[in-house]
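Input: a single structure, listed below in structure tokens.
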Amino acid sequence: MSDTGLTGLLDTIGLGGFTGASNALTMDKPYPDSLLDTGAQELIGRPLPRIDGPLKVAGRATYAAEYAFTDLAHGVLVGTTVGAGKVVSIDAEGVMSLPGVIDVVTDYDTFIQVPQQGGETKAPAQGVRKITYRGEIIAVVLAETFEAARDAARQLKVEYEEKDGRYDFEQHRREAEKPPGDNIPSHSKQGDVDAAMAEAVFTVDATYTTPSQNSAAMEPHASIATWDEEGALTLYCAHQMPTSGAQQLAKALGISQSKCRIVAAYVGGGFGSKLGIAPESVAAAVASRKLGRPVKAVMHRQQVFEATVRRSNTEQRVRLGADQDGKLTAIAHETIVSNLDGQDFFEPAGIATHFLYAGENRLITHDLVRLNLLLSASMRAPGEAVGMLATESAMDELAEKIGIDPVELIRRNDPDCDPEKNIPYSSRALTRCLDEGAERFGWARREKRREGEWLIGHGMAPAARTNMLQKSSAKVSIDARGCATVESAMTDIVTGSYPNHAQIAGELLGLPLDRVRVTLGDTDLAPAAGSGGSWGAGSSGSAVYLACESLREKLAKAMGVDAGAMTLKDGKVIADNRSVDLASLVGDGIEATGQIAPGKQEKETTQASYGAHFCEVGVNAVTGEVRVRRMLGVFAAGRILNEQTARSQCLGGITFGIGGALYEELVHDVRTGQVVNHDLAEYHVPVNADVPQIEVVFLPERDVHANPIHAKGIGELGIAGSGAAVANAIYDACGVRVRDFPITCDKILPGLPPV
């Protein structure tokens with residue numbers, strides 16, 4: 001099962017240039033024997049600190065907006081103040097006389113096409129005539145200082161011809177249509193759900209709604225563009241996927257990809273909003289080319305909410321039917337989402353429903369409502385994050401109707417093979433996670449109780465996130481000193497790519513981490529799929545593995561032994577009763593490039609990571625306030641490369657899930673399309689006081705069908721199902737079932753009994 005937005009972007013753009021690999025592998029067969037299981041350096045799986053951590057805490061890690069140029073011009077973006085219509089005129093001359101102003105770049109006659117997630121936009125990022133949503137970027141004001149540019153941008157007069165827009169989902173939901181394209185099927189059917197529901201002993205038929213959300217990454221979208229005398233562009237930016245980003249940008253600017261370099265060494269969070277090229281990148285590039293000097297363009301926080309991307313709102317009808325034993329006989333998950341006119345992407349809320357539970361009769365649909373709101377695209381765990389809020393709340397409702405424990409209901413419906421494709425799972429530890437989690441949490445001993453004004457309850461939900469492998473490459477070299485360097489266009493969006501890559505190389509080459517250097521996020525390096533869809537470690541990490549495997553062959557040849565007979569540890573190569581310095585075998589240095597690509601295994605097996613969430617909440621009987629008191633997540637995601645960074649990812653994911661259940665809601669004015677809460681003061685995300693101590697447990701697992709390192713995606717697994725565990729705990733505590741997320745006090749209070 002593919003992720004619509006991410007794989008759509010890769011499929012549309014393509015990842016070319018993967019040539020010259022010393023060791024290339026297509027995953028057509030299982031890879032049962034991994035060198036990581038026989039390494040002697042003992043780096044894999046340990047909770048090792050981030051090698052990039054000291055740079056970040058010391059302020060020496062350079063982010064997109066921090067590169068220094070002596071002749072830098074500052075650009076401030078200007079967005080539309082109407083939600084539909086067209087630009088009639090932009091009075092650039094009216095601000096040109098202001099102190100420090102250099103130019104106003106509009107270029108709306110150029111009509112630059114910028115591919116976005118899931119297809120090309122019908123409107124350009126720079127040069128907008130037709131306005132498709134409020135806040136759409138139409139100009140960049142350039143000045144000698146940021147303050148001068150900001151002042152001029154605020155004074156820039158734009159004349160519009162405003163038209164009636166489509167802003168109200170409820171008003172237009174009946175006009176929902178089947179999405180175009182076939183990235184993943186928007187509609188699928190198996191058996192007869194209606195007949196099965198009519199015959200079922202127990203049924204649930206409920207509708208759940210989730211609002212639009214924003215990624216709200218800590219680092220705003222930022223770019224610095226500079227052109228050389230040969231007409232080549234270098235863009236320092238905050239992008240998750242530099243290789244495909246360079247292809248997008250080159251296409252947008254009408255230049256050869258070879259003349260477009262992207263540097264994204266450190267990215268301060270993205271969560272999907274930085275997958276594709278955004279308006280500030282194109283604005284900086286266009287303005288820099290026109291001025292002949294470097295240009296910096298940084299979105300202010302409000303523009304991040306108004307002009308990047310959002311997770312679509314959803315309306316999800318879930319129908320479940322079960323027999324007298326609690327075995328599912330019918331599963332229907334019908335979703336309505338929204339996006340701009342002409343966009344193929346839809347929030348794939350039913351993506352986990354395809355493979356999570358058994359059931360002969362199945363219906364999964366997604367329909368699109370066309371609205372004049374911000375572009376809908378991938379946000380962390382696209383599909384599962386909001387889809388499992390609905391399905392796992394419905395499963396909890398079904399368990400109550402049947403009168404069995406929700407853990408037992410899930411166990412009874414844990415299938416042996418994919419219920420739709422009839423193919424095996426690559427590995428599946430769902431029931432193991434349930435059992436381990438229930439025991440650690442004390443699930444069997446739980447009880448509803450009251451502590452003063454607080455009603456205490458418990459909830460649980462499973463976790464499931466599709467695993468993906470994407471084409472990626474990496475170069476690894478060993479210099480004459482016996483130190484290794486890993487190079488790849490892969491990025492680290494605070495997920496742990498730097499330490500993961502270093503650990504893999506160090507383990508396979510027998511080097512301590514202080515002798516391994518990692519350079520990432522530069523398209524001058526080996527192409528990579530980048531960070532997204534939880535594929536980063538498995539894809540780019542496998543490319544590092546393959547490069548190191550090739551280097552081991554070269555070391556074995558230099559030593560005159562079989563590679564399988566070598567032990568590499570602490571800079572020594574040990575074989576044939578000899579121990580020699582690794583440096584003595586490499587001459588002036590050796591290097592190798594590894595390349596991984598998906599193959600038949602992704603079609604012959606269903607691959608996913610699994611887990612189980614358990615939650616305790618308190619609901620205030622007077623105010624309806626909810627406090628999450630404790631949470632436990634138990635996960636199985638193949639080999640855990642670094643327990644510390646993996647745990648960090650799960651902690652962040654669970655916190656994301658708490659936010660989806662209780663806080664996050666991007667509000668659009670249904671009269672104008674304006675984002676009402678366009679900053680972190682009004683768009684609420686969980687803060688420290690909202691999040692309890694979270695326990696994360698990993699179960700040992702290897703997935704030989706996934707990749708050579710036997711690891712599966714974990715970055716988005718923590719979100720999947722965690723919000724539903726919170727929602728189910730709230731119901732257990734106070735008896736109020738809220739199906740309209742987020743669950744705020746006003747939705748709980750009417751259902752509470754009088755104090």
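Going by the structure tokens order, chains are called A, B, ..., each with residues numbered from 1, while ligands are numbered from 1 in the order shown.
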
All residues 7 Å or closer to range 228-234 of chain A, only C-alpha atoms, same chain fewer than 5 positions away omitted, as a PDB file with all heavy atoms, in the first residue's frame:
ATOM      1  N   LYS A 259      22.007  22.085 -13.310  1.00  0.00           N
ATOM      2  CA  LYS A 259      22.313  23.450 -12.882  1.00  0.00           C
ATOM      3  C   LYS A 259      21.495  23.880 -11.668  1.00  0.00           C
ATOM      4  O   LYS A 259      21.385  25.072 -11.373  1.00  0.00           O
ATOM      5  CB  LYS A 259      22.069  24.430 -14.032  1.00  0.00           C
ATOM      6  CG  LYS A 259      23.087  24.318 -15.162  1.00  0.00           C
ATOM      7  CD  LYS A 259      22.868  25.376 -16.219  1.00  0.00           C
ATOM      8  CE  LYS A 259      23.960  25.348 -17.274  1.00  0.00           C
ATOM      9  NZ  LYS A 259      25.278  25.752 -16.729  1.00  0.00           N
ATOM     10  N   CYS A 260      20.923  22.912 -10.979  1.00  0.00           N
ATOM     11  CA  CYS A 260      20.111  23.232  -9.809  1.00  0.00           C
ATOM     12  C   CYS A 260      20.585  22.385  -8.630  1.00  0.00           C
ATOM     13  O   CYS A 260      20.413  21.165  -8.610  1.00  0.00           O
ATOM     14  CB  CYS A 260      18.636  22.971 -10.091  1.00  0.00           C
ATOM     15  SG  CYS A 260      17.543  23.457  -8.743  1.00  0.00           S
ATOM     16  N   ARG A 261      21.195  23.026  -7.666  1.00  0.00           N
ATOM     17  CA  ARG A 261      21.690  22.343  -6.469  1.00  0.00           C
ATOM     18  C   ARG A 261      20.879  22.780  -5.252  1.00  0.00           C
ATOM     19  O   ARG A 261      20.624  23.967  -5.058  1.00  0.00           O
ATOM     20  CB  ARG A 261      23.165  22.686  -6.241  1.00  0.00           C
ATOM     21  CG  ARG A 261      23.766  22.071  -4.982  1.00  0.00           C
ATOM     22  CD  ARG A 261      25.128  22.678  -4.687  1.00  0.00           C
ATOM     23  NE  ARG A 261      25.718  22.134  -3.461  1.00  0.00           N
ATOM     24  CZ  ARG A 261      26.707  22.715  -2.790  1.00  0.00           C
ATOM     25  NH1 ARG A 261      27.228  23.858  -3.234  1.00  0.00           N
ATOM     26  NH2 ARG A 261      27.187  22.173  -1.687  1.00  0.00           N
ATOM     27  N   ILE A 262      20.463  21.809  -4.449  1.00  0.00           N
ATOM     28  CA  ILE A 262      19.757  22.096  -3.202  1.00  0.00           C
ATOM     29  C   ILE A 262      20.617  21.634  -2.037  1.00  0.00           C
ATOM     30  O   ILE A 262      21.163  20.531  -2.049  1.00  0.00           O
ATOM     31  CB  ILE A 262      18.377  21.410  -3.176  1.00  0.00           C
ATOM     32  CG1 ILE A 262      17.385  22.216  -4.022  1.00  0.00           C
ATOM     33  CG2 ILE A 262      17.852  21.256  -1.750  1.00  0.00           C
ATOM     34  CD1 ILE A 262      15.982  21.662  -4.038  1.00  0.00           C
TER      35      ILE A 262
END

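Once range 348-362 of chain A and its same-chain neighbours fewer than 3 positions away are set aside, A:Lys189, A:Gln190, A:Gly191, A:Asp192, A:Val193, A:Leu328, A:Thr329, A:Ala330, A:Ile331, A:Ala332, A:Gly383, A:Glu384, A:Gly387, A:Asn413, A:Asp414, A:Pro415, A:Asp418, A:Pro419 remain within 6 Å of it when counting only C-alpha atoms.
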
Hey, what's within 9 Å of range 323-327 of chain A if we count only C-alpha atoms and toss same-chain stuff fewer than 2 positions away? As a short mmCIF file (atom, residue, chain, number, x, y, z; two decimals) with all heavy atoms, in the first residue's frame, please?
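Now in result02.cif:
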data_model
loop_
_atom_site.label_atom_id
_atom_site.label_comp_id
_atom_site.auth_asym_id
_atom_site.auth_seq_id
_atom_site.Cartn_x
_atom_site.Cartn_y
_atom_site.Cartn_z
N GLU A 199 -27.06 -8.96 8.23
CA GLU A 199 -27.03 -10.27 8.86
C GLU A 199 -26.20 -10.30 10.14
O GLU A 199 -26.26 -11.29 10.90
CB GLU A 199 -26.45 -11.29 7.88
CG GLU A 199 -27.31 -11.50 6.63
CD GLU A 199 -26.62 -12.36 5.59
OE1 GLU A 199 -25.48 -12.82 5.86
OE2 GLU A 199 -27.20 -12.56 4.51
N ALA A 200 -25.43 -9.25 10.41
CA ALA A 200 -24.52 -9.26 11.57
C ALA A 200 -25.29 -9.27 12.88
O ALA A 200 -26.38 -8.69 13.01
CB ALA A 200 -23.61 -8.04 11.51
N VAL A 201 -24.71 -9.92 13.87
CA VAL A 201 -25.31 -9.96 15.21
C VAL A 201 -25.07 -8.64 15.94
O VAL A 201 -25.95 -8.14 16.65
CB VAL A 201 -24.72 -11.14 16.02
CG1 VAL A 201 -25.32 -11.17 17.43
CG2 VAL A 201 -24.96 -12.46 15.31
N PHE A 202 -23.90 -8.07 15.74
CA PHE A 202 -23.55 -6.79 16.37
C PHE A 202 -23.09 -5.82 15.28
O PHE A 202 -22.33 -6.21 14.38
CB PHE A 202 -22.43 -6.97 17.39
CG PHE A 202 -22.73 -7.95 18.48
CD1 PHE A 202 -22.22 -9.24 18.41
CD2 PHE A 202 -23.53 -7.60 19.55
CE1 PHE A 202 -22.49 -10.16 19.41
CE2 PHE A 202 -23.81 -8.51 20.55
CZ PHE A 202 -23.30 -9.80 20.49
N GLY A 321 -19.59 -4.82 11.24
CA GLY A 321 -20.52 -5.88 11.56
C GLY A 321 -19.76 -7.08 12.09
O GLY A 321 -18.69 -7.42 11.56
N THR A 329 -17.46 -9.43 10.15
CA THR A 329 -17.98 -9.92 8.87
C THR A 329 -18.12 -8.79 7.86
O THR A 329 -18.24 -9.04 6.66
CB THR A 329 -19.35 -10.58 9.08
OG1 THR A 329 -20.25 -9.64 9.69
CG2 THR A 329 -19.22 -11.81 9.97
N ALA A 358 -9.26 -8.66 9.76
CA ALA A 358 -9.94 -9.64 8.92
C ALA A 358 -11.38 -9.20 8.68
O ALA A 358 -11.91 -8.35 9.39
CB ALA A 358 -9.90 -11.02 9.58
N GLY A 359 -12.03 -9.81 7.72
CA GLY A 359 -13.42 -9.50 7.39
C GLY A 359 -13.65 -9.70 5.91
O GLY A 359 -12.96 -9.08 5.09
N LEU A 398 -17.79 -1.08 19.17
CA LEU A 398 -18.23 -2.44 18.89
C LEU A 398 -17.93 -3.38 20.06
O LEU A 398 -18.77 -4.22 20.42
CB LEU A 398 -17.57 -2.95 17.61
CG LEU A 398 -17.95 -4.37 17.16
CD1 LEU A 398 -19.44 -4.45 16.84
CD2 LEU A 398 -17.12 -4.79 15.96
N ALA A 399 -16.77 -3.23 20.65
CA ALA A 399 -16.42 -4.08 21.80
C ALA A 399 -17.42 -3.89 22.93
O ALA A 399 -17.82 -4.87 23.59
CB ALA A 399 -15.01 -3.74 22.28
N ILE A 402 -20.66 -5.74 22.06
CA ILE A 402 -20.51 -7.19 22.18
C ILE A 402 -20.36 -7.60 23.63
O ILE A 402 -20.77 -8.69 24.03
CB ILE A 402 -19.30 -7.67 21.35
CG1 ILE A 402 -19.51 -7.37 19.86
CG2 ILE A 402 -19.05 -9.16 21.55
CD1 ILE A 402 -18.28 -7.63 19.01
N ILE A 404 -17.23 -7.44 25.23
CA ILE A 404 -15.91 -8.03 25.42
C ILE A 404 -14.86 -6.93 25.52
O ILE A 404 -15.10 -5.78 25.14
CB ILE A 404 -15.53 -9.02 24.29
CG1 ILE A 404 -15.42 -8.28 22.93
CG2 ILE A 404 -16.52 -10.17 24.21
CD1 ILE A 404 -14.89 -9.18 21.83
N LEU A 409 -11.19 -8.15 21.31
CA LEU A 409 -11.83 -7.96 20.00
C LEU A 409 -10.78 -7.84 18.90
O LEU A 409 -10.92 -8.44 17.82
CB LEU A 409 -12.72 -6.71 20.02
CG LEU A 409 -13.39 -6.35 18.69
CD1 LEU A 409 -14.36 -7.46 18.25
CD2 LEU A 409 -14.11 -5.01 18.78
N ARG A 412 -9.12 -11.23 18.19
CA ARG A 412 -9.97 -12.15 17.43
C ARG A 412 -10.01 -11.81 15.95
O ARG A 412 -10.40 -12.65 15.13
CB ARG A 412 -11.38 -12.16 18.00
CG ARG A 412 -11.48 -12.74 19.39
CD ARG A 412 -12.90 -12.78 19.90
NE ARG A 412 -12.96 -13.17 21.30
CZ ARG A 412 -14.09 -13.34 21.99
NH1 ARG A 412 -15.26 -13.15 21.38
NH2 ARG A 412 -14.05 -13.69 23.26
N ASN A 413 -9.63 -10.59 15.62
CA ASN A 413 -9.70 -10.16 14.21
C ASN A 413 -8.33 -9.85 13.62
O ASN A 413 -8.23 -9.12 12.64
CB ASN A 413 -10.63 -8.94 14.11
CG ASN A 413 -12.07 -9.30 14.40
OD1 ASN A 413 -12.75 -9.86 13.55
ND2 ASN A 413 -12.53 -9.01 15.62
#

Output as a PDB file with C-alpha atoms, in the first residue's frame all residues of range 554-606 of chain A that backbone DSSP marks as strand (DSSP E).
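So selection.pdb came out as:
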ATOM      1  CA  THR A 567      35.851  -9.546  11.805  1.00  0.00           C
ATOM      2  CA  LEU A 568      36.052  -5.745  11.808  1.00  0.00           C
ATOM      3  CA  LYS A 569      36.314  -3.979  15.155  1.00  0.00           C
ATOM      4  CA  LYS A 572      41.177  -3.558  12.984  1.00  0.00           C
ATOM      5  CA  VAL A 573      40.531  -6.227  10.360  1.00  0.00           C
ATOM      6  CA  ILE A 574      40.853  -9.689  11.873  1.00  0.00           C
ATOM      7  CA  ALA A 575      41.027 -12.842   9.738  1.00  0.00           C
ATOM      8  CA  ARG A 578      45.952 -11.986  11.647  1.00  0.00           C
ATOM      9  CA  SER A 579      44.943  -8.566  12.926  1.00  0.00           C
ATOM     10  CA  VAL A 580      45.851  -5.539  10.809  1.00  0.00           C
ATOM     11  CA  ASP A 581      44.948  -1.866  10.851  1.00  0.00           C
ATOM     12  CA  GLY A 589      41.591   5.537   0.151  1.00  0.00           C
ATOM     13  CA  ILE A 590      38.739   3.453  -1.211  1.00  0.00           C
ATOM     14  CA  GLU A 591      35.092   4.225  -1.831  1.00  0.00           C
ATOM     15  CA  ALA A 592      31.866   2.531  -2.901  1.00  0.00           C
ATOM     16  CA  THR A 593      28.328   3.577  -3.715  1.00  0.00           C
ATOM     17  CA  GLY A 594      25.333   1.520  -2.674  1.00  0.00           C
ATOM     18  CA  GLN A 595      21.896   1.717  -4.215  1.00  0.00           C
ATOM     19  CA  ILE A 596      18.618   0.195  -3.054  1.00  0.00           C
ATOM     20  CA  ALA A 597      15.354   0.025  -4.980  1.00  0.00           C
ATOM     21  CA  PRO A 598      11.967  -1.544  -4.280  1.00  0.00           C
TER      22      PRO A 598
END

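Of note, CA of Gly541 in chain A and CA of Ser722 in chain A are spaced 27.3 Å apart.
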
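Using only C-alpha atoms for every distance, the candidate list A:Ala196, A:Ala246, A:Val309, A:Ala264 yields A:Val309 as the residue closest to Ser376 in chain A.
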
Skip range 150-167 of chain A itself and residues of its chain fewer than 2 positions away, then list as a ChimeraX atom specification all residues within 9 Å of it, counting only C-alpha atoms.
/A:75-78,80-92,94-96,98-99,101,104,131-133,139-143,145-148,169,171-172,370-373,668-674

Could those selected residues go to a file with C-alpha atoms, as a JSON list (two decimals), in the first residue's frame?
[["chain", "number", "residue", "atom", "x", "y", "z"],
["A", 75, "GLY", "CA", 12.69, 39.11, 0.48],
["A", 76, "VAL", "CA", 9.30, 39.23, 2.19],
["A", 77, "LEU", "CA", 6.46, 37.34, 0.59],
["A", 78, "VAL", "CA", 3.07, 38.88, -0.09],
["A", 80, "THR", "CA", -3.54, 37.49, -1.38],
["A", 81, "THR", "CA", -6.20, 38.95, 0.89],
["A", 82, "VAL", "CA", -9.09, 37.40, -1.03],
["A", 83, "GLY", "CA", -9.85, 33.71, -1.42],
["A", 84, "ALA", "CA", -11.11, 33.55, -5.00],
["A", 85, "GLY", "CA", -10.89, 35.75, -8.07],
["A", 86, "LYS", "CA", -7.90, 37.23, -9.85],
["A", 87, "VAL", "CA", -5.15, 39.80, -9.45],
["A", 88, "VAL", "CA", -5.89, 42.92, -11.46],
["A", 89, "SER", "CA", -2.78, 44.93, -10.60],
["A", 90, "ILE", "CA", 0.11, 45.15, -8.16],
["A", 91, "ASP", "CA", 1.33, 48.70, -7.46],
["A", 92, "ALA", "CA", 5.06, 47.98, -7.23],
["A", 94, "GLY", "CA", 4.09, 52.68, -4.90],
["A", 95, "VAL", "CA", 6.68, 51.13, -2.59],
["A", 96, "MET", "CA", 9.84, 51.46, -4.69],
["A", 98, "LEU", "CA", 10.61, 53.54, 0.36],
["A", 99, "PRO", "CA", 14.01, 53.47, 2.07],
["A", 101, "VAL", "CA", 13.62, 48.82, -1.16],
["A", 104, "VAL", "CA", 9.16, 44.02, -6.19],
["A", 131, "ILE", "CA", -6.48, 33.18, -7.05],
["A", 132, "THR", "CA", -7.38, 29.77, -5.69],
["A", 133, "TYR", "CA", -7.11, 30.39, -1.93],
["A", 139, "ALA", "CA", 4.86, 38.75, -4.94],
["A", 140, "VAL", "CA", 8.11, 39.10, -3.07],
["A", 141, "VAL", "CA", 9.34, 42.51, -1.94],
["A", 142, "LEU", "CA", 13.12, 42.88, -1.88],
["A", 143, "ALA", "CA", 15.12, 45.25, 0.30],
["A", 145, "THR", "CA", 17.18, 44.75, 5.28],
["A", 146, "PHE", "CA", 14.44, 42.47, 6.44],
["A", 147, "GLU", "CA", 12.71, 45.33, 8.27],
["A", 148, "ALA", "CA", 12.58, 47.48, 5.13],
["A", 169, "PHE", "CA", -17.22, 22.00, 3.51],
["A", 171, "GLN", "CA", -22.32, 23.40, 2.18],
["A", 172, "HIS", "CA", -20.53, 21.55, -0.63],
["A", 370, "ARG", "CA", -13.34, 20.99, -4.19],
["A", 371, "LEU", "CA", -12.82, 24.06, -2.00],
["A", 372, "ASN", "CA", -10.92, 27.35, -2.22],
["A", 373, "LEU", "CA", -8.80, 26.50, 0.80],
["A", 668, "HIS", "CA", -11.12, 28.57, 8.11],
["A", 669, "ASP", "CA", -13.72, 31.34, 7.99],
["A", 670, "VAL", "CA", -16.49, 29.80, 5.87],
["A", 671, "ARG", "CA", -17.33, 33.25, 4.48],
["A", 672, "THR", "CA", -13.87, 34.20, 3.17],
["A", 673, "GLY", "CA", -11.59, 31.15, 3.44],
["A", 674, "GLN", "CA", -9.26, 33.03, 5.79]]

Counting only C-alpha atoms, what is within 10 Å of Val755 in chain A, bar same-chain residues fewer than 4 positions away, as a ChimeraX atom specification?
/A:453,621-622

Please run DSSP on the backbone and report, as an MDAnalysis selection string, all residues within range 499-550 of chain A that come out as alpha helix (DSSP H).
chainID A and resid 499:509 536:550

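Distances here use only C-alpha atoms; by that measure, the residue among A:Phe698, A:Thr523, A:His684, A:Tyr731 closest to Cys615 in chain A is A:Tyr731.
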
Interatomic distance between CA of Asp182 in chain A and CA of Gln343 in chain A?
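Taking CA of Asp182 in chain A and CA of Gln343 in chain A, their separation equals 12.8 Å.
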
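Between CA of Tyr266 in chain A and CA of Ala65 in chain A the interatomic distance comes to 10.7 Å.
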
Env of Asp514 in chain A: 12 Å cut, atoms = only C-alpha atoms, seq-sep filter 6 positions within chain, self excluded. Answer as a tab-separated table (two decimals) with N, CA, C and O atoms, in the first residue's frame.
chain	number	residue	atom	x	y	z
A	50	ARG	N	22.85	11.52	19.55
A	50	ARG	CA	22.96	12.02	18.17
A	50	ARG	C	24.34	12.63	17.94
A	50	ARG	O	24.79	13.46	18.72
A	51	ILE	N	24.98	12.23	16.85
A	51	ILE	CA	26.29	12.80	16.55
A	51	ILE	C	26.17	14.27	16.15
A	51	ILE	O	27.15	15.02	16.22
A	52	ASP	N	24.98	14.68	15.71
A	52	ASP	CA	24.76	16.08	15.35
A	52	ASP	C	24.27	16.90	16.54
A	52	ASP	O	24.12	18.12	16.43
A	482	GLY	N	42.07	5.64	7.85
A	482	GLY	CA	41.15	4.63	8.34
A	482	GLY	C	39.87	5.21	8.91
A	482	GLY	O	39.20	4.58	9.73
A	483	CYS	N	39.51	6.41	8.46
A	483	CYS	CA	38.25	7.04	8.86
A	483	CYS	C	37.26	6.96	7.71
A	483	CYS	O	37.65	7.07	6.54
A	484	ALA	N	36.00	6.80	8.04
A	484	ALA	CA	34.97	6.64	7.01
A	484	ALA	C	34.15	7.92	6.88
A	484	ALA	O	33.93	8.65	7.85
A	485	THR	N	33.66	8.15	5.66
A	485	THR	CA	32.76	9.26	5.38
A	485	THR	C	31.56	8.73	4.63
A	485	THR	O	31.70	8.03	3.62
A	499	PRO	N	22.94	10.02	13.12
A	499	PRO	CA	23.47	8.89	13.91
A	499	PRO	C	23.17	7.53	13.29
A	499	PRO	O	24.01	6.63	13.36
A	502	ALA	N	25.70	6.81	10.61
A	502	ALA	CA	27.01	6.59	11.22
A	502	ALA	C	27.07	5.22	11.89
A	502	ALA	O	28.09	4.52	11.81
A	503	GLN	N	26.00	4.82	12.54
A	503	GLN	CA	25.99	3.53	13.23
A	503	GLN	C	26.09	2.36	12.24
A	503	GLN	O	26.80	1.39	12.49
A	505	ALA	N	27.39	2.40	9.18
A	505	ALA	CA	28.75	2.37	8.62
A	505	ALA	C	29.76	1.91	9.67
A	505	ALA	O	30.65	1.09	9.38
A	506	GLY	N	29.65	2.42	10.88
A	506	GLY	CA	30.58	2.03	11.92
A	506	GLY	C	30.51	0.55	12.25
A	506	GLY	O	31.54	-0.10	12.44
A	570	ASP	N	36.98	-1.84	16.00
A	570	ASP	CA	37.90	-0.82	16.52
A	570	ASP	C	39.03	-0.50	15.55
A	570	ASP	O	40.19	-0.31	15.95
A	571	GLY	N	38.71	-0.42	14.26
A	571	GLY	CA	39.70	-0.06	13.26
A	571	GLY	C	40.63	-1.18	12.87
A	571	GLY	O	41.59	-0.95	12.13

Smallest atom-to-atom distance to Leu430 in chain A: which of A:Val516, A:Ala61, A:Leu699, A:Ala252, using only C-alpha atoms?
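Nearest to Leu430 in chain A: A:Leu699.
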
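Shortest atom-to-atom contact with Ser378 in chain A among A:Ser212, A:Met395, A:His458, A:Lys471: A:Ser212, counting only C-alpha atoms.
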
Spatial neighbours of Ala547 in chain A, 12 Å, only C-alpha atoms, chain gap at least 2 places, as a CSV table (one decimal) with C-alpha atoms, in the first residue's frame:
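Contents of part.csv, as written:
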chain,number,residue,atom,x,y,z
A,20,GLY,CA,27.6,4.1,-11.1
A,21,ALA,CA,26.6,2.2,-7.9
A,22,SER,CA,29.3,-0.3,-6.8
A,23,ASN,CA,26.6,-2.4,-5.1
A,24,ALA,CA,23.0,-2.1,-6.2
A,25,LEU,CA,20.1,-4.2,-5.0
A,472,SER,CA,18.1,5.7,-2.7
A,473,SER,CA,21.9,5.7,-2.9
A,474,ALA,CA,24.8,6.6,-0.6
A,475,LYS,CA,28.6,6.8,-1.0
A,476,VAL,CA,30.9,5.6,1.7
A,477,SER,CA,34.6,6.1,1.6
A,478,ILE,CA,37.6,5.2,3.8
A,484,ALA,CA,35.0,6.6,7.0
A,485,THR,CA,32.8,9.3,5.4
A,486,VAL,CA,29.1,8.7,4.5
A,487,GLU,CA,27.6,11.0,1.8
A,488,SER,CA,24.1,11.2,0.6
A,501,HIS,CA,23.9,6.4,9.0
A,504,ILE,CA,25.4,1.4,10.1
A,505,ALA,CA,28.7,2.4,8.6
A,508,LEU,CA,29.9,-2.8,9.2
A,509,LEU,CA,33.4,-1.3,8.9
A,526,ALA,CA,24.5,10.6,-4.0
A,540,SER,CA,18.9,5.4,2.7
A,541,GLY,CA,20.3,3.2,5.5
A,542,SER,CA,20.2,0.2,3.2
A,543,ALA,CA,22.1,2.1,0.6
A,544,VAL,CA,24.8,2.8,3.2
A,545,TYR,CA,24.7,-0.9,4.1
A,549,GLU,CA,29.3,-4.4,2.0
A,550,SER,CA,31.2,-3.5,-1.2
A,551,LEU,CA,34.0,-1.9,0.9
A,552,ARG,CA,34.2,-5.1,3.0
A,553,GLU,CA,34.8,-7.0,-0.3
A,554,LYS,CA,37.6,-4.6,-1.2
A,590,ILE,CA,38.7,3.5,-1.2
A,591,GLU,CA,35.1,4.2,-1.8
A,592,ALA,CA,31.9,2.5,-2.9
A,593,THR,CA,28.3,3.6,-3.7
A,594,GLY,CA,25.3,1.5,-2.7
A,595,GLN,CA,21.9,1.7,-4.2
A,596,ILE,CA,18.6,0.2,-3.1
A,708,PRO,CA,18.9,-5.6,4.0
